[in-house]
Amino acid sequence: MASAIAVDLGSDIAGVWTAQQGVVSGRCDGAGPLIRRGRVVDFDGCVAMLSQLVGTFAQPVPSGGVVVACRPVLASGDDQETTRRVLKAVFEPSRVLLIDSVRAAAIGAGETAGILLVADVGAELTEVAVLDYGRVVEARRSDIGTRDLTSDVTVDVIVDHIAGHVDSLDVDPPENGLLLVGDGALHPGLVEAVSARLGIRVHRAADPRTAALNGAGKAAMSLLRHPGAR
């Protein structure tokens, strides 16, 4: 029987979920960076890292499954193709679908009704998007994340990028405010700073670190049940 698999390749942490065995996660580093600013920069290293990570499951993950993987918004065609090649090398799937990380996070957080404003703050990327019933309408991204913070570079820099993206999207803030996801959502003071800057309610997903992976898992299950879905 084909299996449902979800993958989230972050610049810091990679996570893999299967319907049968749950989640395993590990760091995305080796002799050097494997993923930089959301882009696979070391194909062989990334394949080796993911293969090793998948090997920690109690049971082997059979080939022929359906894989749904998170991608940064506005990812280039070349970047997406490289990600597909990595996934095919590791999982030998019957089908691969890439889903915007902000959309996956909204699904994982259970917030897909109506208009939603989402900010995904990762180790090296900050993404902001407007979703309409789970579909990305418009999005922005910056090559900045929590890894860039130092004693001289404060969280206000990330807040500036989020606020700038929200302004450029030119959208009336929805009643439920802004959903904050990603590892950066747990950074001390970020929720309060974004809320004060935008003048709207900002709330974290229940588990911001795994919201995107959980959402990709739900999408993989749906794809397995309904092969024509996208």
# chains A, B, ... in the order shown; residues from 1 in each chain; ligands from 1
>>> residues_around(residues="A:Val96", least_positions_apart="4", cutoff="8 Å", atoms="only C-alpha atoms", output="list in words")
Val66, Val67, Val68, Ala69, Arg84, Leu87 and Lys88 of chain A
>>> write_last_selection(atoms="N, CA and C atoms", output="mmCIF file, in the first residue's frame")
data_model
loop_
_atom_site.group_PDB
_atom_site.id
_atom_site.type_symbol
_atom_site.label_atom_id
_atom_site.label_comp_id
_atom_site.auth_asym_id
_atom_site.auth_seq_id
_atom_site.Cartn_x
_atom_site.Cartn_y
_atom_site.Cartn_z
ATOM 1 N N VAL A 66 3.510 8.746 -1.795
ATOM 2 C CA VAL A 66 3.167 10.109 -2.218
ATOM 3 C C VAL A 66 3.878 11.079 -1.278
ATOM 4 N N VAL A 67 4.677 11.988 -1.841
ATOM 5 C CA VAL A 67 5.460 12.927 -1.040
ATOM 6 C C VAL A 67 4.961 14.347 -1.269
ATOM 7 N N VAL A 68 4.645 15.032 -0.184
ATOM 8 C CA VAL A 68 4.319 16.459 -0.232
ATOM 9 C C VAL A 68 5.397 17.183 0.569
ATOM 10 N N ALA A 69 6.078 18.127 -0.068
ATOM 11 C CA ALA A 69 7.175 18.838 0.586
ATOM 12 C C ALA A 69 6.924 20.335 0.591
ATOM 13 N N ARG A 84 12.788 18.613 -5.984
ATOM 14 C CA ARG A 84 12.130 17.403 -6.497
ATOM 15 C C ARG A 84 13.146 16.271 -6.716
ATOM 16 N N LEU A 87 14.094 14.692 -3.393
ATOM 17 C CA LEU A 87 13.020 13.840 -2.875
ATOM 18 C C LEU A 87 12.909 12.537 -3.665
ATOM 19 N N LYS A 88 13.069 12.620 -4.966
ATOM 20 C CA LYS A 88 12.995 11.407 -5.786
ATOM 21 C C LYS A 88 14.155 10.463 -5.489
#
>>> select_by_dssp(residues="stretch 135-226 of chain A", states="alpha helix (DSSP H)", output="JSON, numbers by chain")
{"A": [155, 156, 157, 158, 159, 160, 161, 162, 163, 164, 165, 166, 167, 168, 169, 190, 191, 192, 193, 194, 195, 196, 197, 198, 211, 212, 213, 214, 215, 216, 217, 218, 219, 220, 221, 222, 223, 224, 225]}
>>> atom_distance(atom1="atom CA of A:Gly145", atom2="atom CA of A:Ala6")
23.2 Å
>>> residues_around(residues="A:Arg140", least_positions_apart="6", cutoff="12 Å", atoms="only C-alpha atoms", output="short mmCIF file (atom, residue, chain, number, x, y, z; two decimals) with N, CA and C atoms, in the first residue's frame")
data_model
loop_
_atom_site.label_atom_id
_atom_site.label_comp_id
_atom_site.auth_asym_id
_atom_site.auth_seq_id
_atom_site.Cartn_x
_atom_site.Cartn_y
_atom_site.Cartn_z
N PRO A 72 9.58 27.38 -0.02
CA PRO A 72 9.40 28.79 0.29
C PRO A 72 8.52 29.44 -0.79
N VAL A 73 7.75 30.46 -0.41
CA VAL A 73 6.99 31.17 -1.42
C VAL A 73 7.96 31.83 -2.40
N LEU A 74 7.51 31.94 -3.64
CA LEU A 74 8.28 32.58 -4.71
C LEU A 74 9.56 31.82 -5.05
N ALA A 75 9.59 30.52 -4.73
CA ALA A 75 10.76 29.70 -5.10
C ALA A 75 10.87 29.63 -6.62
N ASP A 100 3.48 25.56 -0.83
CA ASP A 100 4.06 26.72 -0.15
C ASP A 100 4.03 26.52 1.36
N VAL A 102 3.83 28.57 3.80
CA VAL A 102 2.81 29.34 4.51
C VAL A 102 1.44 28.67 4.40
N LEU A 117 -3.79 36.16 7.12
CA LEU A 117 -2.48 36.77 6.95
C LEU A 117 -1.49 35.92 7.75
N VAL A 118 -0.45 35.43 7.08
CA VAL A 118 0.51 34.52 7.70
C VAL A 118 1.93 35.07 7.56
N ALA A 119 2.71 34.96 8.64
CA ALA A 119 4.14 35.25 8.59
C ALA A 119 4.89 34.03 9.09
N ASP A 120 5.79 33.54 8.28
CA ASP A 120 6.60 32.36 8.61
C ASP A 120 8.05 32.84 8.79
N LEU A 125 14.93 32.69 6.42
CA LEU A 125 13.91 33.30 5.57
C LEU A 125 12.77 33.84 6.41
N THR A 126 12.18 34.92 5.94
CA THR A 126 10.93 35.43 6.50
C THR A 126 9.94 35.57 5.35
N GLU A 127 8.81 34.88 5.47
CA GLU A 127 7.79 34.88 4.41
C GLU A 127 6.48 35.43 4.96
N VAL A 128 5.82 36.24 4.16
CA VAL A 128 4.52 36.80 4.53
C VAL A 128 3.58 36.59 3.36
N ALA A 129 2.35 36.13 3.66
CA ALA A 129 1.40 35.84 2.58
C ALA A 129 -0.03 36.10 3.01
N VAL A 130 -0.85 36.38 2.02
CA VAL A 130 -2.29 36.45 2.20
C VAL A 130 -2.89 35.18 1.61
N HIS A 161 10.92 43.85 8.35
CA HIS A 161 10.65 43.12 7.12
C HIS A 161 9.20 42.64 7.07
N ILE A 162 8.70 42.12 8.18
CA ILE A 162 7.31 41.68 8.22
C ILE A 162 6.37 42.86 7.94
N ALA A 163 6.61 43.96 8.61
CA ALA A 163 5.76 45.14 8.43
C ALA A 163 5.84 45.66 7.00
N GLY A 164 7.02 45.68 6.42
CA GLY A 164 7.17 46.13 5.05
C GLY A 164 6.42 45.25 4.08
N HIS A 165 6.48 43.93 4.31
CA HIS A 165 5.76 43.01 3.42
C HIS A 165 4.25 43.18 3.56
N VAL A 166 3.78 43.33 4.79
CA VAL A 166 2.34 43.51 5.00
C VAL A 166 1.87 44.79 4.31
N ASP A 167 2.66 45.86 4.41
CA ASP A 167 2.30 47.11 3.74
C ASP A 167 2.26 46.94 2.23
N SER A 168 3.22 46.20 1.68
CA SER A 168 3.29 46.05 0.23
C SER A 168 2.16 45.16 -0.30
N LEU A 169 1.64 44.28 0.55
CA LEU A 169 0.53 43.43 0.13
C LEU A 169 -0.76 44.24 0.02
N ASP A 170 -0.81 45.38 0.71
CA ASP A 170 -1.95 46.30 0.63
C ASP A 170 -3.27 45.57 0.87
#
>>> closest_residue(among="A:Val159, A:Leu98, A:Val61, A:Ala205", to="A:Ala219", atoms="only C-alpha atoms")
A:Leu98
>>> residues_around(residues="A:Leu180", least_positions_apart="4", cutoff="6 Å", atoms="only C-alpha atoms", output="ChimeraX atom specification")
/A:119,185,203-204
>>> closest_residue(among="A:Val136, A:Ala216, A:Met221, A:Glu111", to="A:Gly177", atoms="only C-alpha atoms")
A:Glu111
>>> closest_atom_pairs(of="stretch 107-217 of chain A", to="stretch 24-43 of chain A", cutoff="12 Å", atoms="only C-alpha atoms", output="tab-separated table")
residue	atom	partner	partner_atom	distance
A:Val121	CA	A:Arg37	CA	11.7
A:Gly122	CA	A:Arg37	CA	9.4
A:Ala123	CA	A:Arg37	CA	8.4
A:Glu124	CA	A:Arg37	CA	5.2
A:Leu125	CA	A:Arg37	CA	5.9
A:Thr126	CA	A:Arg37	CA	9.5
A:Glu127	CA	A:Gly38	CA	10.8
A:Arg141	CA	A:Arg37	CA	10.4
A:Ser142	CA	A:Arg37	CA	9.0
A:Asp143	CA	A:Arg37	CA	6.0
A:Ile144	CA	A:Arg37	CA	7.9
A:Gly145	CA	A:Arg37	CA	8.9
A:Thr146	CA	A:Arg37	CA	11.7
A:Arg147	CA	A:Arg37	CA	10.6
A:Asp148	CA	A:Arg37	CA	11.2
A:Arg209	CA	A:Ser25	CA	11.1
A:Thr210	CA	A:Ser25	CA	10.1
A:Leu213	CA	A:Ser25	CA	10.5
